>>> print(open('my_file-v1.cif').read())   # mmCIF, C-alpha atoms
data_entry
loop_
_atom_site.group_PDB
_atom_site.id
_atom_site.type_symbol
_atom_site.label_atom_id
_atom_site.label_comp_id
_atom_site.auth_asym_id
_atom_site.auth_seq_id
_atom_site.Cartn_x
_atom_site.Cartn_y
_atom_site.Cartn_z
ATOM 1 C CA MET I 452 54.293 -1.317 -24.954
ATOM 2 C CA GLU I 453 52.166 -4.102 -23.469
ATOM 3 C CA LEU I 454 48.769 -3.726 -21.940
ATOM 4 C CA THR I 455 48.273 -5.630 -18.698
ATOM 5 C CA GLY I 456 44.773 -4.414 -17.857
ATOM 6 C CA PRO I 457 41.869 -6.813 -17.530
ATOM 7 C CA ASP I 458 40.979 -8.846 -20.565
ATOM 8 C CA ARG I 459 37.608 -7.704 -21.913
ATOM 9 C CA GLY I 460 36.673 -10.642 -24.088
ATOM 10 C CA PRO I 461 33.178 -12.184 -24.011
ATOM 11 C CA HIS I 462 34.303 -15.168 -21.953
ATOM 12 C CA THR I 463 35.983 -13.189 -19.206
ATOM 13 C CA ALA I 464 34.756 -11.661 -15.972
ATOM 14 C CA ARG I 465 34.186 -8.490 -17.945
ATOM 15 C CA GLY I 466 31.813 -10.386 -20.241
ATOM 16 C CA TRP I 467 29.610 -12.101 -17.702
ATOM 17 C CA LEU I 468 29.544 -9.446 -14.994
ATOM 18 C CA PRO I 469 26.608 -7.435 -16.458
ATOM 19 C CA TRP I 470 24.523 -10.603 -16.688
ATOM 20 C CA ALA I 471 25.482 -11.514 -13.131
ATOM 21 C CA VAL I 472 24.315 -8.094 -11.963
ATOM 22 C CA VAL I 473 20.964 -8.512 -13.731
ATOM 23 C CA GLY I 474 20.657 -11.995 -12.231
ATOM 24 C CA ALA I 475 21.356 -10.612 -8.770
ATOM 25 C CA VAL I 476 18.686 -7.933 -9.234
ATOM 26 C CA LEU I 477 16.193 -10.603 -10.311
ATOM 27 C CA LEU I 478 17.063 -12.636 -7.223
ATOM 28 C CA VAL I 479 16.505 -9.588 -4.999
ATOM 29 C CA LEU I 480 13.117 -8.940 -6.609
ATOM 30 C CA ALA I 481 12.138 -12.594 -6.219
ATOM 31 C CA GLY I 482 13.114 -12.462 -2.547
ATOM 32 C CA VAL I 483 11.123 -9.277 -2.038
ATOM 33 C CA ALA I 484 8.094 -10.900 -3.670
ATOM 34 C CA VAL I 485 8.326 -13.994 -1.466
ATOM 35 C CA VAL I 486 8.712 -11.946 1.733
ATOM 36 C CA THR I 487 5.808 -9.680 0.779
ATOM 37 C CA LEU I 488 3.510 -12.559 -0.089
ATOM 38 C CA PHE I 489 4.296 -14.751 2.890
ATOM 39 C CA VAL I 490 5.418 -12.391 5.645
ATOM 40 C CA ALA I 491 4.327 -8.803 5.077
ATOM 41 C CA GLY I 492 1.251 -9.374 2.930
ATOM 42 C CA PRO I 493 -2.321 -8.491 3.784
ATOM 43 C CA GLY I 494 -2.512 -11.723 5.764
ATOM 44 C CA ASP I 495 -5.920 -12.678 7.076
ATOM 45 C CA ALA I 496 -7.704 -9.848 5.259
ATOM 46 C CA ALA I 497 -6.984 -11.527 1.924
ATOM 47 C CA ASP I 498 -8.564 -14.739 3.205
ATOM 48 C CA ALA I 499 -11.642 -13.213 4.826
ATOM 49 C CA ASP I 500 -14.619 -15.028 3.340
ATOM 50 C CA SER I 501 -17.429 -14.052 5.662
ATOM 51 C CA VAL I 502 -18.879 -11.000 7.344
ATOM 52 C CA GLU I 503 -17.843 -12.520 10.662
ATOM 53 C CA ASP I 504 -14.195 -12.719 9.541
ATOM 54 C CA VAL I 505 -14.265 -9.082 8.463
ATOM 55 C CA ALA I 506 -15.889 -8.002 11.743
ATOM 56 C CA ASP I 507 -13.243 -9.777 13.821
ATOM 57 C CA LEU I 508 -10.380 -8.331 11.772
ATOM 58 C CA ALA I 509 -11.916 -4.849 11.823
ATOM 59 C CA VAL I 510 -12.102 -4.901 15.610
ATOM 60 C CA ASP I 511 -8.476 -6.018 15.832
ATOM 61 C CA ALA I 512 -7.389 -3.223 13.486
ATOM 62 C CA ALA I 513 -9.411 -0.610 15.376
ATOM 63 C CA GLU I 514 -8.116 -1.721 18.779
ATOM 64 C CA ASP I 515 -4.529 -1.470 17.583
ATOM 65 C CA LEU I 516 -5.174 1.718 15.597
ATOM 66 C CA ASP I 517 -3.590 -0.304 12.801
ATOM 67 C CA VAL I 518 -4.295 1.785 9.730
ATOM 68 C CA ALA I 519 -2.579 -0.646 7.356
ATOM 69 C CA ALA I 520 -4.694 -3.557 8.582
ATOM 70 C CA GLY I 521 -7.790 -1.379 8.223
ATOM 71 C CA ILE I 522 -6.888 -0.489 4.647
ATOM 72 C CA ASP I 523 -6.470 -4.170 3.834
ATOM 73 C CA LEU I 524 -10.098 -4.790 4.811
ATOM 74 C CA LEU I 525 -11.561 -2.270 2.383
ATOM 75 C CA CYS I 526 -12.919 -3.261 -1.020
ATOM 76 C CA GLU I 527 -11.411 -0.180 -2.647
ATOM 77 C CA LEU I 528 -8.512 2.052 -1.776
ATOM 78 C CA PRO I 529 -9.828 5.030 0.157
ATOM 79 C CA MET I 530 -9.474 8.449 -1.347
ATOM 80 C CA ASP I 531 -7.988 11.325 0.556
ATOM 81 C CA LEU I 532 -11.325 12.397 2.033
ATOM 82 C CA TYR I 533 -11.520 9.204 4.032
ATOM 83 C CA ARG I 534 -7.905 9.375 5.126
ATOM 84 C CA MET I 535 -8.490 12.889 6.423
ATOM 85 C CA SER I 536 -11.721 11.875 8.140
ATOM 86 C CA LEU I 537 -9.965 8.978 9.843
ATOM 87 C CA GLU I 538 -7.021 11.153 10.787
ATOM 88 C CA THR I 539 -9.318 13.755 12.325
ATOM 89 C CA LEU I 540 -11.237 11.092 14.237
ATOM 90 C CA ILE I 541 -8.054 9.567 15.679
ATOM 91 C CA ASP I 542 -6.532 12.935 16.563
ATOM 92 C CA GLU I 543 -9.710 14.137 18.252
ATOM 93 C CA GLY I 544 -9.987 10.948 20.262
ATOM 94 C CA ARG I 545 -6.383 11.202 21.413
ATOM 95 C CA GLU I 546 -6.698 14.878 22.254
ATOM 96 C CA GLU I 547 -9.896 14.518 24.240
ATOM 97 C CA ALA I 548 -8.626 11.465 26.097
ATOM 98 C CA GLY I 549 -5.281 13.114 26.745
ATOM 99 C CA THR I 550 -3.408 9.967 25.709
ATOM 100 C CA GLU I 551 -1.863 8.603 22.535
ATOM 101 C CA ASP I 552 -3.570 5.274 23.036
ATOM 102 C CA PRO I 553 -7.082 5.826 24.408
ATOM 103 C CA ASP I 554 -8.849 2.858 25.902
ATOM 104 C CA VAL I 555 -11.759 2.223 23.530
ATOM 105 C CA THR I 556 -14.215 -0.664 23.438
ATOM 106 C CA TYR I 557 -15.605 -1.983 20.159
ATOM 107 C CA ALA I 558 -18.647 -4.215 20.579
ATOM 108 C CA VAL I 559 -19.707 -6.105 17.475
ATOM 109 C CA SER I 560 -23.201 -7.526 17.081
ATOM 110 C CA ASP I 561 -25.892 -8.334 14.517
ATOM 111 C CA VAL I 562 -23.388 -10.032 12.245
ATOM 112 C CA SER I 563 -24.806 -11.377 8.970
ATOM 113 C CA ASP I 564 -24.234 -14.984 8.025
ATOM 114 C CA GLY I 565 -22.284 -15.638 4.860
ATOM 115 C CA PRO I 566 -19.888 -13.589 2.790
ATOM 116 C CA THR I 567 -22.120 -10.539 2.241
ATOM 117 C CA GLY I 568 -24.153 -8.438 4.651
ATOM 118 C CA SER I 569 -23.363 -6.143 7.528
ATOM 119 C CA PHE I 570 -22.485 -5.916 11.187
ATOM 120 C CA LEU I 571 -23.094 -3.377 13.910
ATOM 121 C CA VAL I 572 -20.240 -1.771 15.828
ATOM 122 C CA GLU I 573 -20.815 0.066 19.092
ATOM 123 C CA ILE I 574 -17.857 2.218 20.068
ATOM 124 C CA SER I 575 -17.480 3.413 23.629
ATOM 125 C CA SER I 576 -14.802 4.429 26.087
ATOM 126 C CA ASP I 577 -14.390 4.995 29.791
ATOM 127 C CA GLU I 578 -11.567 7.458 29.165
ATOM 128 C CA GLU I 579 -12.225 10.881 30.617
ATOM 129 C CA GLY I 580 -13.328 13.100 27.765
ATOM 130 C CA LEU I 581 -14.554 10.224 25.656
ATOM 131 C CA THR I 582 -17.352 8.877 27.836
ATOM 132 C CA ASP I 583 -19.961 10.881 25.948
ATOM 133 C CA ARG I 584 -18.450 10.196 22.534
ATOM 134 C CA GLY I 585 -19.871 6.702 22.133
ATOM 135 C CA THR I 586 -21.418 5.917 18.790
ATOM 136 C CA SER I 587 -22.787 3.082 16.719
ATOM 137 C CA LEU I 588 -22.488 2.400 13.039
ATOM 138 C CA ARG I 589 -23.320 -0.357 10.639
ATOM 139 C CA VAL I 590 -20.513 -1.670 8.495
ATOM 140 C CA PHE I 591 -21.446 -3.131 5.119
ATOM 141 C CA VAL I 592 -19.560 -6.052 3.644
ATOM 142 C CA GLU I 593 -19.570 -7.436 0.114
ATOM 143 C CA GLN I 594 -17.725 -10.217 -1.619
ATOM 144 C CA ARG I 595 -15.322 -9.083 -4.312
ATOM 145 C CA ASP I 596 -12.599 -11.005 -6.059
ATOM 146 C CA GLY I 597 -13.211 -13.997 -3.826
ATOM 147 C CA ARG I 598 -12.910 -12.203 -0.512
ATOM 148 C CA SER I 599 -15.248 -10.380 1.827
ATOM 149 C CA CYS I 600 -14.417 -6.725 2.308
ATOM 150 C CA ILE I 601 -15.872 -3.486 3.616
ATOM 151 C CA VAL I 602 -17.743 -1.340 1.089
ATOM 152 C CA GLY I 603 -19.038 1.358 3.402
ATOM 153 C CA VAL I 604 -20.737 2.430 6.593
ATOM 154 C CA GLY I 605 -24.116 3.811 7.560
ATOM 155 C CA GLU I 606 -26.476 4.443 10.430
ATOM 156 C CA PRO I 607 -27.147 1.492 12.747
ATOM 157 C CA ASP I 608 -30.530 0.789 11.145
ATOM 158 C CA ALA I 609 -29.502 1.520 7.558
ATOM 159 C CA GLU I 610 -30.077 -1.009 4.810
ATOM 160 C CA ARG I 611 -27.315 0.284 2.610
ATOM 161 C CA PRO I 612 -24.122 2.269 3.151
ATOM 162 C CA ARG I 613 -24.497 6.003 3.486
ATOM 163 C CA VAL I 614 -20.827 6.483 2.765
ATOM 164 C CA GLU I 615 -19.108 4.025 0.472
ATOM 165 C CA VAL I 616 -15.367 3.647 0.790
ATOM 166 C CA ALA I 617 -14.250 4.364 -2.748
ATOM 167 C CA GLY I 618 -11.311 5.715 -4.591
ATOM 168 C CA ASP I 619 -13.187 7.683 -7.204
ATOM 169 C CA GLY I 620 -14.660 10.738 -5.545
ATOM 170 C CA TYR I 621 -17.580 12.028 -3.558
ATOM 171 C CA GLY I 622 -20.339 10.560 -5.731
ATOM 172 C CA ARG I 623 -21.146 7.692 -3.462
ATOM 173 C CA VAL I 624 -22.028 9.665 -0.346
ATOM 174 C CA ARG I 625 -25.774 9.238 0.102
ATOM 175 C CA SER I 626 -28.299 11.032 2.223
ATOM 176 C CA PRO I 627 -29.363 9.072 5.283
ATOM 177 C CA ASP I 628 -31.834 6.254 4.824
ATOM 178 C CA VAL I 629 -35.280 6.530 6.244
ATOM 179 C CA ALA I 630 -35.529 2.872 7.039
ATOM 180 C CA PRO I 631 -37.919 1.096 9.399
ATOM 181 C CA SER I 632 -36.364 0.440 12.750
ATOM 182 C CA GLY I 633 -34.523 -2.853 12.973
ATOM 183 C CA SER I 634 -34.441 -3.433 9.246
ATOM 184 C CA GLY I 635 -30.691 -3.742 8.997
ATOM 185 C CA SER I 636 -29.399 -6.064 6.379
ATOM 186 C CA GLY I 637 -27.799 -8.214 8.999
ATOM 187 C CA SER I 638 -29.420 -11.473 9.822
ATOM 188 C CA GLY I 639 -29.628 -10.552 13.451
ATOM 189 C CA SER I 640 -28.134 -13.861 14.394
ATOM 190 C CA GLY I 641 -25.524 -12.190 16.517
ATOM 191 C CA SER I 642 -23.050 -14.820 15.497
ATOM 192 C CA GLY I 643 -19.476 -13.844 15.898
ATOM 193 C CA SER I 644 -20.300 -11.008 18.159
ATOM 194 C CA GLY I 645 -17.528 -9.909 20.344
ATOM 195 C CA SER I 646 -15.923 -7.002 21.929
ATOM 196 C CA GLY I 647 -12.493 -5.966 22.762
ATOM 197 C CA GLU I 648 -10.627 -3.326 24.584
ATOM 198 C CA SER I 649 -7.749 -1.542 23.095
ATOM 199 C CA ARG I 650 -4.334 -1.891 24.552
ATOM 200 C CA MET G 430 18.678 0.915 -27.135
ATOM 201 C CA PRO G 431 21.401 3.020 -25.556
ATOM 202 C CA PHE G 432 21.469 3.561 -21.841
ATOM 203 C CA LYS G 433 20.664 7.265 -22.077
ATOM 204 C CA VAL G 434 17.412 6.622 -23.945
ATOM 205 C CA MET G 435 16.313 3.950 -21.470
ATOM 206 C CA ALA G 436 17.220 6.159 -18.527
ATOM 207 C CA ALA G 437 15.233 9.036 -20.020
ATOM 208 C CA VAL G 438 12.155 6.842 -20.507
ATOM 209 C CA LEU G 439 12.415 5.467 -16.955
ATOM 210 C CA LEU G 440 12.779 8.980 -15.576
ATOM 211 C CA MET G 441 9.721 10.200 -17.503
ATOM 212 C CA ILE G 442 7.588 7.315 -16.231
ATOM 213 C CA THR G 443 8.796 7.838 -12.663
ATOM 214 C CA GLY G 444 8.213 11.597 -12.923
ATOM 215 C CA ALA G 445 4.671 11.046 -14.168
ATOM 216 C CA THR G 446 4.003 8.733 -11.228
ATOM 217 C CA THR G 447 5.314 11.358 -8.838
ATOM 218 C CA PHE G 448 3.059 13.980 -10.410
ATOM 219 C CA LEU G 449 0.051 11.741 -9.852
ATOM 220 C CA PHE G 450 0.980 11.247 -6.209
ATOM 221 C CA LEU G 451 1.614 14.943 -5.650
ATOM 222 C CA GLY G 452 -1.815 16.100 -6.689
ATOM 223 C CA GLY G 453 -2.536 14.879 -10.186
ATOM 224 C CA THR G 454 -5.186 12.496 -8.883
ATOM 225 C CA GLY G 455 -6.378 14.588 -5.970
ATOM 226 C CA ILE G 456 -4.264 12.552 -3.567
ATOM 227 C CA ASP G 457 -1.998 14.504 -1.237
ATOM 228 C CA GLY G 458 0.994 12.173 -1.207
ATOM 229 C CA VAL G 459 2.894 14.093 1.470
ATOM 230 C CA ALA G 460 -0.057 14.206 3.859
ATOM 231 C CA ALA G 461 -0.808 10.565 3.154
ATOM 232 C CA ALA G 462 2.770 9.528 3.935
ATOM 233 C CA THR G 463 2.806 11.561 7.152
ATOM 234 C CA PHE G 464 -0.462 10.005 8.255
ATOM 235 C CA LEU G 465 0.732 6.497 7.439
ATOM 236 C CA PHE G 466 3.990 6.922 9.370
ATOM 237 C CA GLU G 467 2.257 8.464 12.385
ATOM 238 C CA ASN G 468 -0.178 5.586 12.580
ATOM 239 C CA GLY G 469 2.207 2.708 12.202
ATOM 240 C CA ALA G 470 1.595 1.891 8.548
ATOM 241 C CA VAL G 471 5.342 2.139 7.906
ATOM 242 C CA LEU G 472 5.361 -0.117 4.847
ATOM 243 C CA TYR G 473 2.831 2.016 3.009
ATOM 244 C CA GLY G 474 4.507 5.194 4.269
ATOM 245 C CA ILE G 475 7.908 4.213 2.885
ATOM 246 C CA GLY G 476 6.279 3.251 -0.393
ATOM 247 C CA VAL G 477 4.537 6.595 -0.810
ATOM 248 C CA VAL G 478 7.669 8.577 0.150
ATOM 249 C CA TRP G 479 9.829 6.618 -2.270
ATOM 250 C CA ILE G 480 7.380 6.955 -5.156
ATOM 251 C CA VAL G 481 7.182 10.714 -4.597
ATOM 252 C CA ALA G 482 10.960 11.152 -4.279
ATOM 253 C CA ALA G 483 12.210 8.506 -6.733
ATOM 254 C CA PRO G 484 12.936 10.820 -9.705
ATOM 255 C CA VAL G 485 15.619 12.626 -7.682
ATOM 256 C CA PRO G 486 17.870 9.629 -6.876
ATOM 257 C CA LEU G 487 17.186 8.219 -10.349
ATOM 258 C CA LEU G 488 18.303 11.472 -11.977
ATOM 259 C CA VAL G 489 21.412 11.703 -9.796
ATOM 260 C CA ALA G 490 22.284 8.063 -10.492
ATOM 261 C CA ALA G 491 21.771 8.594 -14.231
ATOM 262 C CA LEU G 492 24.091 11.601 -14.185
ATOM 263 C CA PHE G 493 26.794 9.578 -12.438
ATOM 264 C CA ALA G 494 26.267 6.450 -14.548
ATOM 265 C CA GLY G 495 29.106 7.531 -16.830
ATOM 266 C CA ARG G 496 31.522 7.298 -13.905
ATOM 267 C CA THR G 497 30.126 4.326 -12.041
ATOM 268 C CA PRO G 498 27.109 2.081 -12.712
ATOM 269 C CA GLY G 499 26.640 1.197 -9.036
ATOM 270 C CA PRO G 500 24.182 3.957 -8.051
ATOM 271 C CA TRP G 501 21.987 3.301 -11.080
ATOM 272 C CA VAL G 502 21.870 -0.434 -10.348
ATOM 273 C CA VAL G 503 20.962 0.190 -6.703
ATOM 274 C CA VAL G 504 18.346 2.896 -7.313
ATOM 275 C CA VAL G 505 16.574 0.973 -10.095
ATOM 276 C CA THR G 506 16.578 -2.177 -7.962
ATOM 277 C CA VAL G 507 15.117 -0.323 -4.982
ATOM 278 C CA HIS G 508 12.494 1.330 -7.176
ATOM 279 C CA LEU G 509 11.396 -1.947 -8.732
ATOM 280 C CA ALA G 510 11.343 -3.605 -5.300
ATOM 281 C CA VAL G 511 9.236 -0.857 -3.683
ATOM 282 C CA LEU G 512 6.743 -0.909 -6.551
ATOM 283 C CA LEU G 513 6.584 -4.707 -6.371
ATOM 284 C CA VAL G 514 5.909 -4.659 -2.621
ATOM 285 C CA LEU G 515 3.104 -2.125 -3.049
ATOM 286 C CA LEU G 516 1.601 -4.037 -5.971
ATOM 287 C CA LEU G 517 1.617 -7.328 -4.093
ATOM 288 C CA ARG G 518 0.365 -5.785 -0.885
ATOM 289 C CA LEU G 519 -2.458 -3.970 -2.665
ATOM 290 C CA ARG G 520 -3.148 -6.691 -5.215
ATOM 291 C CA ALA G 521 -6.742 -7.063 -4.071
ATOM 292 C CA TYR G 522 -7.430 -3.557 -5.368
ATOM 293 C CA LEU G 523 -5.454 -3.676 -8.592
ATOM 294 C CA SER G 524 -6.135 -5.082 -12.020
ATOM 295 C CA GLY G 525 -3.771 -7.152 -14.113
ATOM 296 C CA THR G 526 -2.875 -4.000 -16.019
ATOM 297 C CA ALA G 527 -0.939 -2.707 -13.010
ATOM 298 C CA PHE G 528 1.191 -5.849 -12.911
ATOM 299 C CA LEU G 529 1.653 -5.723 -16.696
ATOM 300 C CA GLY G 530 2.817 -2.115 -16.361
ATOM 301 C CA TRP G 531 5.260 -3.101 -13.631
ATOM 302 C CA GLY G 532 6.505 -5.954 -15.811
ATOM 303 C CA CYS G 533 7.243 -3.616 -18.734
ATOM 304 C CA PHE G 534 8.905 -1.136 -16.375
ATOM 305 C CA ALA G 535 10.972 -3.964 -14.872
ATOM 306 C CA VAL G 536 12.133 -5.201 -18.274
ATOM 307 C CA LEU G 537 13.209 -1.672 -19.216
ATOM 308 C CA GLY G 538 14.920 -1.249 -15.842
ATOM 309 C CA LEU G 539 16.825 -4.523 -16.196
ATOM 310 C CA LEU G 540 17.875 -3.645 -19.746
ATOM 311 C CA SER G 541 19.147 -0.295 -18.496
ATOM 312 C CA ILE G 542 21.157 -2.078 -15.786
ATOM 313 C CA LEU G 543 22.585 -4.397 -18.421
ATOM 314 C CA ALA G 544 23.450 -1.440 -20.639
ATOM 315 C CA VAL G 545 25.030 0.628 -17.901
ATOM 316 C CA THR G 546 27.173 -2.248 -16.654
ATOM 317 C CA LEU G 547 28.252 -3.156 -20.206
ATOM 318 C CA ASP G 548 29.187 0.469 -20.808
ATOM 319 C CA ARG G 549 30.822 1.001 -17.453
ATOM 320 C CA PRO G 550 34.102 2.875 -17.523
ATOM 321 C CA ARG G 551 37.051 0.592 -17.980
ATOM 322 C CA PRO G 552 39.972 0.755 -15.637
ATOM 323 C CA SER G 553 43.026 2.400 -17.071
ATOM 324 C CA PRO G 554 45.354 -0.300 -18.317
ATOM 325 C CA ALA G 555 48.673 -0.520 -16.618
ATOM 326 C CA VAL G 556 51.501 0.182 -18.956
ATOM 327 C CA ARG G 557 54.625 -1.792 -18.495
#
>>> encode(input="my_file-v1.cif", output="structure tokens")
Amino acid sequence: MELTGPDRGPHTARGWLPWAVVGAVLLVLAGVAVVTLFVAGPGDAADADSVEDVADLAVDAAEDLDVAAGIDLLCELPMDLYRMSLETLIDEGREEAGTEDPDVTYAVSDVSDGPTGSFLVEISSDEEGLTDRGTSLRVFVEQRDGRSCIVGVGEPDAERPRVEVAGDGYGRVRSPDVAPSGSGSGSGSGSGSGSGESR
Amino acid sequence: MPFKVMAAVLLMITGATTFLFLGGTGIDGVAAATFLFENGAVLYGIGVVWIVAAPVPLLVAALFAGRTPGPWVVVVTVHLAVLLVLLLRLRAYLSGTAFLGWGCFAVLGLLSILAVTLDRPRPSPAVR
């Protein structure tokens, strides 16, 4: 009786196939890493090095309702509380406007110079149901790990965030500041101010 | 280290990760994934869904590894790739420990692929 099945010695296809499979997996992972870093990565948010950069990117993300781009701008990953707050805000806006993509204007002003500071965002809409929902808030920016990112938000005249975007619980929600009018941490230069309308 | 031991360790690590995403850290993984999909953050959404569900395909692939190594190779590759995408995308928020953890997991995953393909069932020899 003679066996004619595949030879299974170390120098045959049987011997190198497992290593070829591992090599192929490594190639796939390397390709995934390259695509993620250069195509699907956080993009401009990773390179933001000033409050003005963050303000511009934040407006773009808000106009597009681009949650992923918004997440990329935060200094820490938001915990569930913030996701739910954001979800509620978006759903309410859509419901009251009666459209999936309400026309909202974000006007940015009072942008601090440099990598750390704050900017003011005035949110308004001409959509029926949203005309009286306009609001203003101050967004606080810090520099961490070589990039500028959002640490929290507060009242327009606040000097520090009332709510910090954090991944570790409720501890960083503060009572409102009683700050003198116009004492925002922004330089008041107005540089980089801009506004945009959503699609 | 035999394949079964490596597969068991990988399954335990993946199961622990799923537990964390399903409430162990106060994060509602299902609600988070739904929200991410509904608002266009598809990349993050897929990542969360896969991390939550990964133990199931891994377990099924491990059970069938005795018959064919293909499913195990594919599922481990997808799992490593999804974790890598999330790590790289969220690298600004993560410490080096997260990448070290992924590296150890990847080494174990690759060794398990090597083991399962070395042990794969051999075709019945033709008898003349």
>>> resolve_selection(input="my_file-v1.cif", expression="the PyMOL selection byres ((chain G and resi 435) around 12)", output="VMD selection string")
chain G and resid 430 to 434 436 to 442 487 491 501 505 534 to 545
>>> resolve_selection(input="my_file-v1.cif", expression="the PyMOL selection byres ((chain G and resi 470) around 12)", output="list in words")
Ala491, Ala512, Asp515, Leu516, Asp517, Val518, Ala519, Ala520, Gly521, Ile522 and Asp523 of chain I; Ala461, Ala462, Thr463, Phe464, Leu465, Phe466, Glu467, Asn468, Gly469, Val471, Leu472, Tyr473, Gly474, Ile475, Gly476 and Val477 of chain G
>>> residues_near_point(input="my_file-v1.cif", point="(-21.5, 1.8, 21.2)", cutoff="10 Å", atoms="only C-alpha atoms", output="list in words")
Thr556, Tyr557, Ala558, Val559, Leu571, Val572, Glu573, Ile574, Ser575, Ser576, Arg584, Gly585, Thr586, Ser587 and Leu588 of chain I
>>> closest_residue(input="my_file-v1.cif", among="I:Val505, I:Leu480, I:Val602, I:Val490", to="chain G", atoms="all atoms listed in the file")
I:Leu480
